[in-house]
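Colleague: Structure file model-v7.txt, compact mmCIF, C-alpha atoms, is pasted below:
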```txt
# COMPACT_ATOMS: atom_id res chain seq x y z
CA MET C 31 37.78 20.39 55.89
CA GLY C 32 40.64 18.82 57.78
CA MET C 33 39.33 18.53 61.31
CA SER C 34 35.86 17.76 62.60
CA THR C 35 34.03 16.52 65.69
CA LEU C 36 30.98 14.27 65.78
CA HIS C 37 28.50 14.18 68.64
CA ASN C 38 25.83 11.66 69.63
CA VAL C 39 27.65 8.69 68.05
CA ARG C 40 28.40 5.69 70.24
CA PHE C 41 31.02 3.09 69.35
CA ALA C 42 28.98 -0.05 70.09
CA GLY C 43 31.32 -2.84 69.01
CA MET C 44 33.78 -4.39 66.64
CA ALA C 45 34.52 -7.88 65.25
CA THR C 46 37.36 -9.15 63.07
CA CYS C 47 37.60 -12.23 60.88
CA VAL C 48 40.71 -13.64 59.17
CA PRO C 49 41.26 -16.73 57.03
CA LYS C 50 42.53 -19.82 58.87
CA ARG C 51 45.22 -20.35 56.26
CA ILE C 52 48.63 -19.20 57.51
CA TYR C 53 51.54 -18.41 55.18
CA HIS C 54 55.01 -18.13 56.68
CA ASN C 55 57.17 -15.52 54.97
CA VAL C 56 60.39 -17.50 55.51
CA GLN C 57 59.60 -21.23 55.78
CA ASP C 58 57.01 -21.19 53.01
CA ALA C 59 59.16 -19.16 50.60
CA PRO C 60 61.11 -20.88 47.81
CA PRO C 61 64.36 -22.28 49.33
CA LYS C 62 66.63 -20.10 47.23
CA ILE C 63 65.22 -16.86 48.63
CA ARG C 64 64.84 -17.96 52.27
CA SER C 65 68.01 -16.22 53.41
CA GLU C 66 66.96 -12.87 51.94
CA ARG C 67 63.43 -13.46 53.25
CA GLU C 68 64.86 -13.80 56.78
CA ARG C 69 66.41 -10.36 56.48
CA LEU C 70 63.23 -8.98 54.92
CA ALA C 71 60.95 -10.44 57.61
CA ARG C 72 63.23 -9.09 60.35
CA ASN C 73 63.10 -5.58 58.91
CA ILE C 74 59.46 -5.36 57.88
CA GLY C 75 58.54 -7.23 61.08
CA ILE C 76 56.17 -9.59 59.26
CA TYR C 77 56.59 -13.35 59.78
CA THR C 78 53.18 -14.89 59.15
CA ARG C 79 50.22 -13.74 57.12
CA ARG C 80 46.65 -14.92 56.56
CA LEU C 81 45.68 -15.79 53.01
CA CYS C 82 42.20 -16.43 51.69
CA PRO C 83 41.88 -19.72 49.83
CA GLU C 84 40.83 -19.26 46.22
CA TRP C 85 37.09 -19.46 46.93
CA GLN C 86 37.08 -16.91 49.76
CA THR C 87 36.59 -13.15 49.35
CA PHE C 88 36.85 -10.14 51.64
CA SER C 89 33.04 -10.08 51.89
CA ASP C 90 33.02 -13.68 53.18
CA LEU C 91 35.24 -12.57 56.07
CA ALA C 92 33.24 -9.38 56.69
CA PHE C 93 30.01 -11.43 56.63
CA GLU C 94 31.27 -13.71 59.43
CA ALA C 95 32.48 -10.72 61.45
CA THR C 96 29.11 -8.99 61.08
CA GLU C 97 27.01 -12.03 62.05
CA LYS C 98 29.12 -12.58 65.18
CA LEU C 99 29.02 -8.91 66.12
CA LEU C 100 25.24 -8.67 65.74
CA VAL C 101 24.71 -11.75 67.91
CA GLU C 102 26.93 -10.37 70.68
CA LEU C 103 25.29 -6.94 70.44
CA ALA C 104 21.85 -8.58 70.46
CA TRP C 105 20.81 -6.07 67.80
CA ASN C 106 17.67 -6.66 65.80
CA LYS C 107 18.61 -6.69 62.10
CA ALA C 108 15.41 -4.82 61.27
CA ASP C 109 16.75 -1.80 63.21
CA ILE C 110 19.88 -1.35 61.06
CA ASP C 111 19.61 1.67 58.76
CA ALA C 112 23.02 1.82 57.05
CA LEU C 113 25.66 -0.60 55.76
CA ILE C 114 28.87 1.04 54.54
CA VAL C 115 31.55 -1.19 53.03
CA VAL C 116 35.05 0.23 52.63
CA THR C 117 37.19 -2.04 50.47
CA GLN C 118 39.36 -2.25 47.39
CA SER C 119 38.53 -5.92 46.91
CA PRO C 120 34.83 -5.98 46.05
CA ASP C 121 33.15 -9.23 45.03
CA TYR C 122 32.71 -7.80 41.52
CA PRO C 123 33.80 -4.56 39.81
CA ILE C 124 30.06 -3.73 39.89
CA PRO C 125 27.58 -3.79 41.61
CA ALA C 126 28.65 -2.64 45.06
CA THR C 127 29.44 -5.40 47.57
CA ALA C 128 27.45 -3.59 50.30
CA ILE C 129 24.22 -4.13 48.35
CA ILE C 130 24.94 -7.83 47.88
CA LEU C 131 25.62 -8.08 51.61
CA GLN C 132 22.27 -6.46 52.44
CA ASP C 133 20.58 -9.56 51.12
CA ARG C 134 23.16 -12.05 52.36
CA LEU C 135 23.00 -10.62 55.89
CA GLN C 136 19.19 -10.45 55.69
CA LEU C 137 19.18 -6.75 56.51
CA PRO C 138 16.10 -4.67 55.68
CA GLN C 139 15.68 -3.38 52.12
CA SER C 140 15.09 0.09 53.56
CA ILE C 141 18.84 0.25 54.34
CA ILE C 142 21.38 2.71 52.88
CA ALA C 143 24.11 0.46 51.40
CA TYR C 144 27.11 1.35 49.24
CA ASP C 145 30.85 0.87 48.88
CA VAL C 146 33.67 3.33 49.42
CA ASN C 147 37.02 2.84 47.67
CA LEU C 148 39.79 3.36 50.21
CA GLY C 149 42.66 1.10 51.28
CA CYS C 150 45.09 1.44 54.17
CA SER C 151 43.58 4.73 55.34
CA ALA C 152 40.01 3.36 55.27
CA TYR C 153 39.07 3.02 58.90
CA PRO C 154 38.95 6.62 60.20
CA PHE C 155 37.26 7.74 56.97
CA GLY C 156 34.62 5.01 57.26
CA LEU C 157 34.03 5.79 60.92
CA HIS C 158 33.50 9.43 60.02
CA LEU C 159 31.17 8.69 57.11
CA LEU C 160 28.85 6.41 59.06
CA GLY C 161 29.26 8.56 62.17
CA SER C 162 28.18 11.65 60.21
CA MET C 163 24.98 9.92 59.09
CA ILE C 164 24.21 8.99 62.67
CA ALA C 165 25.13 12.40 64.07
CA ALA C 166 22.76 13.98 61.54
CA GLY C 167 19.94 12.10 63.27
CA ALA C 168 18.31 10.05 60.53
CA ILE C 169 20.26 6.84 61.10
CA LYS C 170 20.01 5.20 64.52
CA LYS C 171 22.10 2.07 64.02
CA GLY C 172 24.69 1.42 61.32
CA LEU C 173 27.37 -1.05 60.30
CA LEU C 174 30.80 -0.29 58.88
CA LEU C 175 32.53 -3.18 57.12
CA VAL C 176 36.21 -2.59 56.35
CA GLY C 177 38.91 -4.79 54.90
CA ASP C 178 40.59 -6.28 51.90
CA ARG C 179 41.74 -9.42 50.26
CA SER C 180 45.15 -8.25 49.08
CA ALA C 181 47.49 -11.06 50.15
CA GLN C 182 49.46 -13.11 47.66
CA GLU C 183 52.10 -15.72 48.44
CA LYS C 184 54.75 -13.87 46.47
CA ASP C 185 54.23 -10.55 48.20
CA PRO C 186 55.60 -10.54 51.78
CA LEU C 187 53.53 -7.59 53.07
CA PHE C 188 49.83 -8.11 52.68
CA SER C 189 47.44 -10.28 54.66
CA ASP C 190 43.66 -10.73 54.40
CA ALA C 191 40.97 -9.67 56.88
CA GLY C 192 37.35 -8.54 57.07
CA THR C 193 35.94 -6.48 59.92
CA ALA C 194 32.66 -5.08 61.19
CA THR C 195 32.09 -2.07 63.41
CA ALA C 196 28.74 -1.05 64.91
CA LEU C 197 27.83 2.57 65.63
CA GLU C 198 24.60 3.87 67.11
CA PHE C 199 22.89 7.12 68.01
CA ASP C 200 23.32 8.00 71.67
CA ALA C 201 22.74 11.53 72.94
CA SER C 202 25.10 10.88 75.86
CA ALA C 203 28.00 9.56 73.76
CA PRO C 204 31.34 11.37 74.13
CA PRO C 205 32.51 13.30 71.01
CA MET C 206 34.64 11.66 68.29
CA HIS C 207 37.39 13.82 66.82
CA PHE C 208 38.81 13.48 63.31
CA ASP C 209 41.49 14.84 61.00
CA PHE C 210 41.57 13.97 57.28
CA ASN C 211 43.99 14.56 54.42
CA SER C 212 44.19 13.50 50.76
CA ASP C 213 47.06 14.05 48.31
CA GLY C 214 46.31 12.77 44.83
CA SER C 215 49.70 13.90 43.50
CA GLY C 216 51.03 10.67 45.02
CA TYR C 217 48.55 8.32 43.38
CA ARG C 218 51.29 6.37 41.64
CA ALA C 219 52.97 5.33 44.93
CA ILE C 220 50.62 2.34 45.34
CA MET C 221 48.33 1.35 42.52
CA LEU C 222 46.74 -1.31 40.41
CA PRO C 223 47.54 0.39 37.11
CA VAL C 224 45.60 -2.00 34.90
CA GLY C 225 41.94 -3.01 34.87
CA GLY C 226 40.23 0.37 35.10
CA HIS C 227 39.16 2.62 32.26
CA ARG C 228 42.54 4.38 31.81
CA GLU C 229 44.14 1.05 31.02
CA PRO C 230 41.75 -1.84 30.52
CA VAL C 231 43.11 -5.38 30.74
CA GLU C 232 44.51 -6.63 27.43
CA ILE C 233 46.03 -10.01 26.66
CA GLY C 234 49.53 -8.52 26.89
CA HIS C 235 49.02 -7.67 30.56
CA LEU C 236 48.30 -11.29 31.36
CA ILE C 237 51.52 -12.73 29.98
CA ALA C 238 53.57 -13.58 33.04
CA HIS C 239 57.32 -13.54 33.51
CA ARG C 240 59.34 -15.00 36.35
CA ASP C 241 61.11 -12.55 38.66
CA GLU C 242 64.48 -13.17 40.36
CA GLY C 243 62.74 -14.97 43.23
CA GLY C 244 61.01 -17.38 40.86
CA PHE C 245 57.57 -15.81 41.31
CA TRP C 246 55.35 -15.11 38.32
CA ARG C 247 54.63 -11.42 37.68
CA ARG C 248 51.97 -9.89 35.45
CA GLY C 249 51.06 -6.44 34.22
CA THR C 250 47.92 -6.67 36.32
CA ASP C 251 49.91 -6.88 39.60
CA LEU C 252 49.94 -4.15 42.23
CA ILE C 253 52.83 -1.69 41.97
CA LEU C 254 54.30 -0.21 45.13
CA ASP C 255 57.01 2.47 45.28
CA GLY C 256 58.57 1.57 48.64
CA PRO C 257 60.70 4.69 49.17
CA ALA C 258 57.78 6.97 48.21
CA VAL C 259 55.42 5.22 50.63
CA LEU C 260 58.01 5.30 53.39
CA SER C 261 58.70 9.01 52.90
CA PHE C 262 55.00 9.84 52.77
CA SER C 263 54.18 7.82 55.90
CA THR C 264 57.03 9.03 58.06
CA GLN C 265 56.83 12.68 56.96
CA ARG C 266 53.07 13.28 56.83
CA VAL C 267 51.57 11.05 59.54
CA PRO C 268 53.31 12.31 62.72
CA PRO C 269 52.43 16.00 62.11
CA ALA C 270 48.80 15.03 61.35
CA VAL C 271 48.54 13.19 64.67
CA GLU C 272 50.15 16.12 66.51
CA LYS C 273 47.75 18.52 64.79
CA LEU C 274 44.64 16.62 65.91
CA LEU C 275 45.95 16.34 69.47
CA SER C 276 46.74 20.01 69.66
CA HIS C 277 43.45 21.03 68.03
CA THR C 278 41.43 19.00 70.53
CA GLY C 279 43.64 19.90 73.48
CA ILE C 280 44.00 16.21 74.30
CA GLY C 281 47.44 15.30 75.63
CA LYS C 282 49.32 12.16 74.62
CA ASP C 283 49.09 11.00 78.25
CA GLU C 284 45.27 11.15 77.98
CA ILE C 285 45.27 8.59 75.16
CA ASP C 286 45.33 4.97 76.36
CA TYR C 287 46.35 3.42 73.02
CA PHE C 288 47.63 4.73 69.71
CA VAL C 289 46.62 2.28 67.00
CA PHE C 290 48.31 2.86 63.64
CA HIS C 291 47.79 1.23 60.30
CA GLN C 292 50.17 -1.72 60.24
CA ALA C 293 52.34 -0.84 57.23
CA ASN C 294 55.68 -2.39 58.08
CA ARG C 295 58.01 -2.29 61.09
CA MET C 296 60.36 0.34 59.65
CA ILE C 297 57.51 2.74 58.91
CA ASN C 298 55.62 2.08 62.14
CA GLU C 299 58.66 2.35 64.38
CA THR C 300 59.75 5.59 62.71
CA ILE C 301 56.29 7.10 63.25
CA ARG C 302 56.19 5.92 66.87
CA LYS C 303 59.64 7.35 67.65
CA LYS C 304 58.90 10.66 65.94
CA LEU C 305 55.79 11.03 68.07
CA GLY C 306 57.73 10.00 71.20
CA LEU C 307 55.25 7.25 72.11
CA PRO C 308 56.11 4.33 74.42
CA ALA C 309 55.90 0.92 72.69
CA GLU C 310 53.39 -0.39 75.27
CA LYS C 311 50.84 2.21 74.16
CA VAL C 312 51.28 1.37 70.48
CA PRO C 313 50.00 -2.20 69.87
CA SER C 314 51.22 -4.07 66.79
CA THR C 315 50.02 -7.12 64.88
CA LEU C 316 52.62 -6.98 62.10
CA HIS C 317 54.46 -10.12 63.26
CA ASP C 318 51.46 -12.44 62.94
CA PHE C 319 49.01 -10.64 60.63
CA GLY C 320 51.16 -8.49 58.35
CA ASN C 321 49.62 -5.52 56.58
CA THR C 322 45.87 -6.12 56.40
CA SER C 323 45.24 -2.88 54.47
CA GLY C 324 42.14 -1.04 55.72
CA ALA C 325 41.41 -3.78 58.25
CA SER C 326 44.64 -3.26 60.17
CA LEU C 327 43.18 -0.99 62.86
CA PRO C 328 40.31 -3.40 63.72
CA VAL C 329 42.68 -6.40 63.46
CA THR C 330 45.05 -4.78 65.94
CA MET C 331 42.25 -3.66 68.28
CA THR C 332 40.70 -7.15 68.23
CA VAL C 333 43.90 -9.16 68.56
CA ARG C 334 45.78 -6.98 71.04
CA LEU C 335 43.14 -4.99 72.92
CA HIS C 336 39.75 -6.69 72.78
CA GLU C 337 39.70 -7.84 76.40
CA THR C 338 40.89 -4.44 77.61
CA LEU C 339 38.51 -2.41 75.46
CA ALA C 340 35.53 -4.56 76.44
CA GLN C 341 35.92 -3.37 80.06
CA GLY C 342 35.98 0.11 81.55
CA LYS C 343 36.48 3.28 79.57
CA HIS C 344 39.35 3.82 77.15
CA ARG C 345 40.41 6.55 74.78
CA VAL C 346 42.08 5.39 71.57
CA LEU C 347 43.70 7.29 68.74
CA LEU C 348 43.25 5.51 65.41
CA CYS C 349 45.38 6.49 62.43
CA GLY C 350 45.18 5.06 58.91
CA PHE C 351 47.47 6.06 56.04
CA GLY C 352 48.48 4.85 52.59
CA ILE C 353 47.18 4.36 49.06
CA GLY C 354 45.74 7.51 47.54
CA LEU C 355 47.67 9.06 49.10
CA SER C 356 45.27 9.39 51.98
CA TRP C 357 45.62 9.70 55.74
CA GLY C 358 43.15 10.14 58.57
CA THR C 359 43.14 10.12 62.36
CA ALA C 360 40.33 9.64 64.86
CA ILE C 361 40.14 9.97 68.64
CA VAL C 362 37.40 7.73 70.00
CA ASP C 363 36.25 7.01 73.56
CA ILE C 364 35.16 3.41 73.97
CA GLN C 365 32.98 2.24 76.86
CA SER C 366 30.78 -0.86 77.29
CA ALA C 367 31.44 -1.90 73.69
CA VAL C 368 31.27 -5.45 72.42
CA PHE C 369 34.55 -7.03 71.24
CA PRO C 370 34.21 -10.70 70.21
CA ASP C 371 37.36 -12.86 70.02
CA LEU C 372 39.13 -13.02 66.68
CA ILE C 373 37.15 -15.16 64.22
CA GLU C 374 39.05 -17.58 61.95
CA VAL C 375 37.31 -19.24 59.00
CA MET E 170 66.80 12.94 66.41
CA ASP E 171 70.13 14.58 67.16
CA ASN E 172 70.96 17.05 64.48
CA ASN E 173 74.71 16.68 64.91
CA ASN E 174 75.52 15.76 61.33
CA ALA E 175 78.69 17.85 61.32
CA MET E 176 80.14 15.62 64.02
CA VAL E 177 79.54 12.36 62.19
CA THR E 178 82.73 10.95 60.69
CA ILE E 179 82.67 8.72 57.63
CA GLU E 180 83.70 5.80 59.84
CA GLN E 181 80.80 6.39 62.21
CA PHE E 182 78.48 6.81 59.26
CA ILE E 183 79.57 3.48 57.74
CA GLU E 184 79.00 1.74 61.07
CA GLN E 185 75.47 3.15 61.35
CA PHE E 186 74.79 2.47 57.67
CA LEU E 187 75.73 -1.22 58.06
CA SER E 188 73.58 -1.53 61.16
CA ALA E 189 70.63 0.06 59.35
CA VAL E 190 70.78 -1.95 56.11
CA ASP E 191 71.17 -5.18 58.12
CA PHE E 192 72.90 -7.20 55.40
CA GLN E 193 72.45 -10.95 55.77
CA GLU E 194 76.01 -11.67 54.56
CA PRO E 195 78.81 -9.60 56.18
CA VAL E 196 80.65 -7.33 53.72
CA GLU E 197 83.53 -4.91 54.04
CA VAL E 198 82.42 -1.37 53.31
CA LYS E 199 84.72 1.61 52.77
CA ALA E 200 84.08 5.17 51.68
CA ASP E 201 84.81 4.36 48.05
CA THR E 202 82.78 1.13 48.00
CA ARG E 203 80.35 1.26 45.09
CA LEU E 204 76.76 0.68 46.21
CA ALA E 205 76.08 -1.36 43.08
CA ASP E 206 78.83 -3.76 44.16
CA LEU E 207 77.07 -4.56 47.45
CA PRO E 208 75.04 -7.72 46.77
CA GLU E 209 72.29 -6.74 49.21
CA TRP E 210 72.01 -3.04 48.29
CA ASP E 211 68.33 -3.42 47.41
CA SER E 212 64.96 -1.77 47.98
CA LEU E 213 64.97 -2.81 51.64
CA ALA E 214 68.42 -1.28 52.16
CA ALA E 215 67.19 1.91 50.47
CA LEU E 216 64.25 2.13 52.89
CA ALA E 217 66.56 1.51 55.84
CA THR E 218 68.90 4.27 54.64
CA ILE E 219 66.02 6.76 54.32
CA VAL E 220 64.92 5.91 57.87
CA LEU E 221 68.52 6.21 59.15
CA PHE E 222 68.88 9.72 57.71
CA ASP E 223 65.52 10.78 59.11
CA THR E 224 65.73 9.34 62.62
CA GLU E 225 69.47 9.57 63.35
CA TYR E 226 70.42 12.73 61.48
CA GLY E 227 67.10 14.60 61.14
CA LYS E 228 67.72 14.78 57.39
CA VAL E 229 64.91 14.05 54.93
CA ILE E 230 66.06 12.26 51.78
CA VAL E 231 63.99 10.54 49.09
CA GLY E 232 64.46 7.59 46.76
CA ASP E 233 65.78 9.82 43.95
CA ASP E 234 68.55 11.14 46.21
CA LEU E 235 69.74 7.56 46.70
CA LYS E 236 69.61 6.80 42.98
CA LYS E 237 72.12 9.62 42.40
CA CYS E 238 74.62 8.07 44.80
CA ALA E 239 77.29 5.82 43.33
CA THR E 240 79.46 5.22 46.40
CA VAL E 241 79.08 5.06 50.17
CA HIS E 242 80.85 8.41 50.34
CA ASP E 243 78.14 9.91 48.12
CA LEU E 244 75.62 8.79 50.73
CA TYR E 245 77.70 10.36 53.48
CA ALA E 246 77.84 13.58 51.47
CA LEU E 247 74.02 13.76 51.56
CA LEU E 248 74.33 14.64 55.24
CA GLY E 249 75.51 18.01 53.98
```
Kindly return the structure encoded in the file as structure tokens.
Modeller:
Amino acid sequence: MGMSTLHNVRFAGMATCVPKRIYHNVQDAPPKIRSERERLARNIGIYTRRLCPEWQTFSDLAFEATEKLLVELAWNKADIDALIVVTQSPDYPIPATAIILQDRLQLPQSIIAYDVNLGCSAYPFGLHLLGSMIAAGAIKKGLLLVGDRSAQEKDPLFSDAGTATALEFDASAPPMHFDFNSDGSGYRAIMLPVGGHREPVEIGHLIAHRDEGGFWRRGTDLILDGPAVLSFSTQRVPPAVEKLLSHTGIGKDEIDYFVFHQANRMINETIRKKLGLPAEKVPSTLHDFGNTSGASLPVTMTVRLHETLAQGKHRVLLCGFGIGLSWGTAIVDIQSAVFPDLIEV
Amino acid sequence: MDNNNAMVTIEQFIEQFLSAVDFQEPVEVKADTRLADLPEWDSLAALATIVLFDTEYGKVIVGDDLKKCATVHDLYALLG
């Protein structure tokens, strides 16, 4: 499919919720690795991250974001026809978190609700999925909940967040443009290798060993091939963005902000430079919020742009990329949308 | 992205390499320095080297290319 355009879909609003708990990549690290953590933080650009306490899940954050968004939109819950959750940290392996949230959010039982399994690339894909339902005409108002709980103290990259986006049918809405790509040959670059049906959890996976930094590691931990992810991101993302711009005939100067998945500073700066974009048009939240997986586009829009986007008319390019491998780009015009302040719980 | 690899001397390359890998502790690096002997030649340094080749020299290298390099000169030779 590659590229597509959706009509009659209005971007009505967005809310983002993060845990209150802040972890500092340098000060909170074990003393013996603080020096190397300083160098690491400088290069990945990530100093503080938000970590869920043990009791808190992604859906708790997404719940708060949704409640706040619906209040500010003044939407009637009975009018919501679809609830799409895009996460890799569901409450349970089964059933789908979206269905549990239907009841928790007191949304009507006549709603379409299910989960989609995507990580860092989630946002444009989710926007397109819900947008397609609305463009088809049957769904008038829908919610897209995106995010993950992927942070751990020992891992300096990831940070937790839950987000909610509201879309609605509007015959006068400007078109949304998309480009999507998926390359399963790179599935090993980022994966949780254990716990699915190829390799169920066995006792052996749970026996931990201490790594050089003094952190406990288990067979059930995430594996991440840094060089492979870097090569993928810096080689495949810039041409995909160029392709969508050229296909739509929209010039870079006609885009107000380019919001990229917040992977790490080396990856994001390389992408920005390859595309020849000025830093002021490419907002970043890496320093304070790290890599929030699929939530990183909403986190960055909320934290850096929410006052701007709540006024006037703005055109944003949104690009998510990562685990899968999967990468997608959207061009969205935002006008009179609701953007609550960042929520911290 | 200047593609002027032919004009890069080993001395210039070492200077740019040290700036890219951003070692916390200063070390002396020569052409025949073994990468394995550099205390901070780690995954972060590997990422920085891949980015250096891409953005400064317009040359795409991958993790496996780095694994085949024993010395700093081997890295320089990747510029082709």
Colleague: Which residues are close to E:Val190, i.e. within 6 Å by only C-alpha atoms, leaving aside same-chain residues fewer than 3 positions away? Reply as a list in words.
Modeller: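 In the requested form, the answer reads Leu187, Ala214 and Ala217 of chain E.
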Colleague: Measuring atom to atom with only C-alpha atoms, identify which of C:Leu36, C:Met221, C:Leu131, C:Ile301 is nearest to chain E.
Modeller: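 Answer, going by the shortest atom-to-atom distance: C:Ile301.
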Colleague: Rounded to one decimal place, report the atom CA of C:Arg51-atom CA of C:Ala191 distance in Å.
Modeller: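 Computing it gives 11.5 Å between the two atoms.
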Colleague: For atom CA of C:Gln292 and atom CA of C:Gly279, quote the distance in Å rounded to one decimal.
Modeller: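 So the two atoms, atom CA of C:Gln292 and atom CA of C:Gly279, lie 26.2 Å apart.
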Colleague: I'd like to know which of C:Thr195, C:Asn73, C:Ser366, C:Thr330 is closest to chain E, using only C-alpha atoms.
Modeller: C:Asn73
Colleague: Within 9 Å of chain E, which residues of chain C show up when using all atoms listed in the file, listed as a ChimeraX atom specification?
Modeller: /C:65-66,68-70,73-74,256-258,260-261,264-265,296-297,300,303-304
Colleague: May I have the residues within 10 Å of E:Leu207 as number ranges by chain, using only C-alpha atoms and disregarding those fewer than 2 positions away in the same chain?
Modeller: E: 192, 196-198, 202-205, 209-211
Colleague: Hey, what's within 10 Å of stretch 305-314 of chain C if we count all atoms listed in the file and toss same-chain stuff fewer than 5 positions away? As a ChimeraX atom specification, please?
Modeller: /C:75,267-269,271-272,282-283,285-292,294-295,298-300,319-320,326-327,329-331,333-335,346-347
Colleague: Counting all atoms listed in the file, what is within 10 Å of E:Phe182, bar same-chain residues fewer than 6 positions away, as a VMD selection string?
Modeller: chain E and resid 174 188 200 221 241 to 242 244 to 245 248
Colleague: Please compute the atom CA of E:Ala239-atom CA of C:Lys62 distance, one decimal, in Å.
Modeller: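 Between atom CA of E:Ala239 and atom CA of C:Lys62 the gap works out to 28.3 Å.
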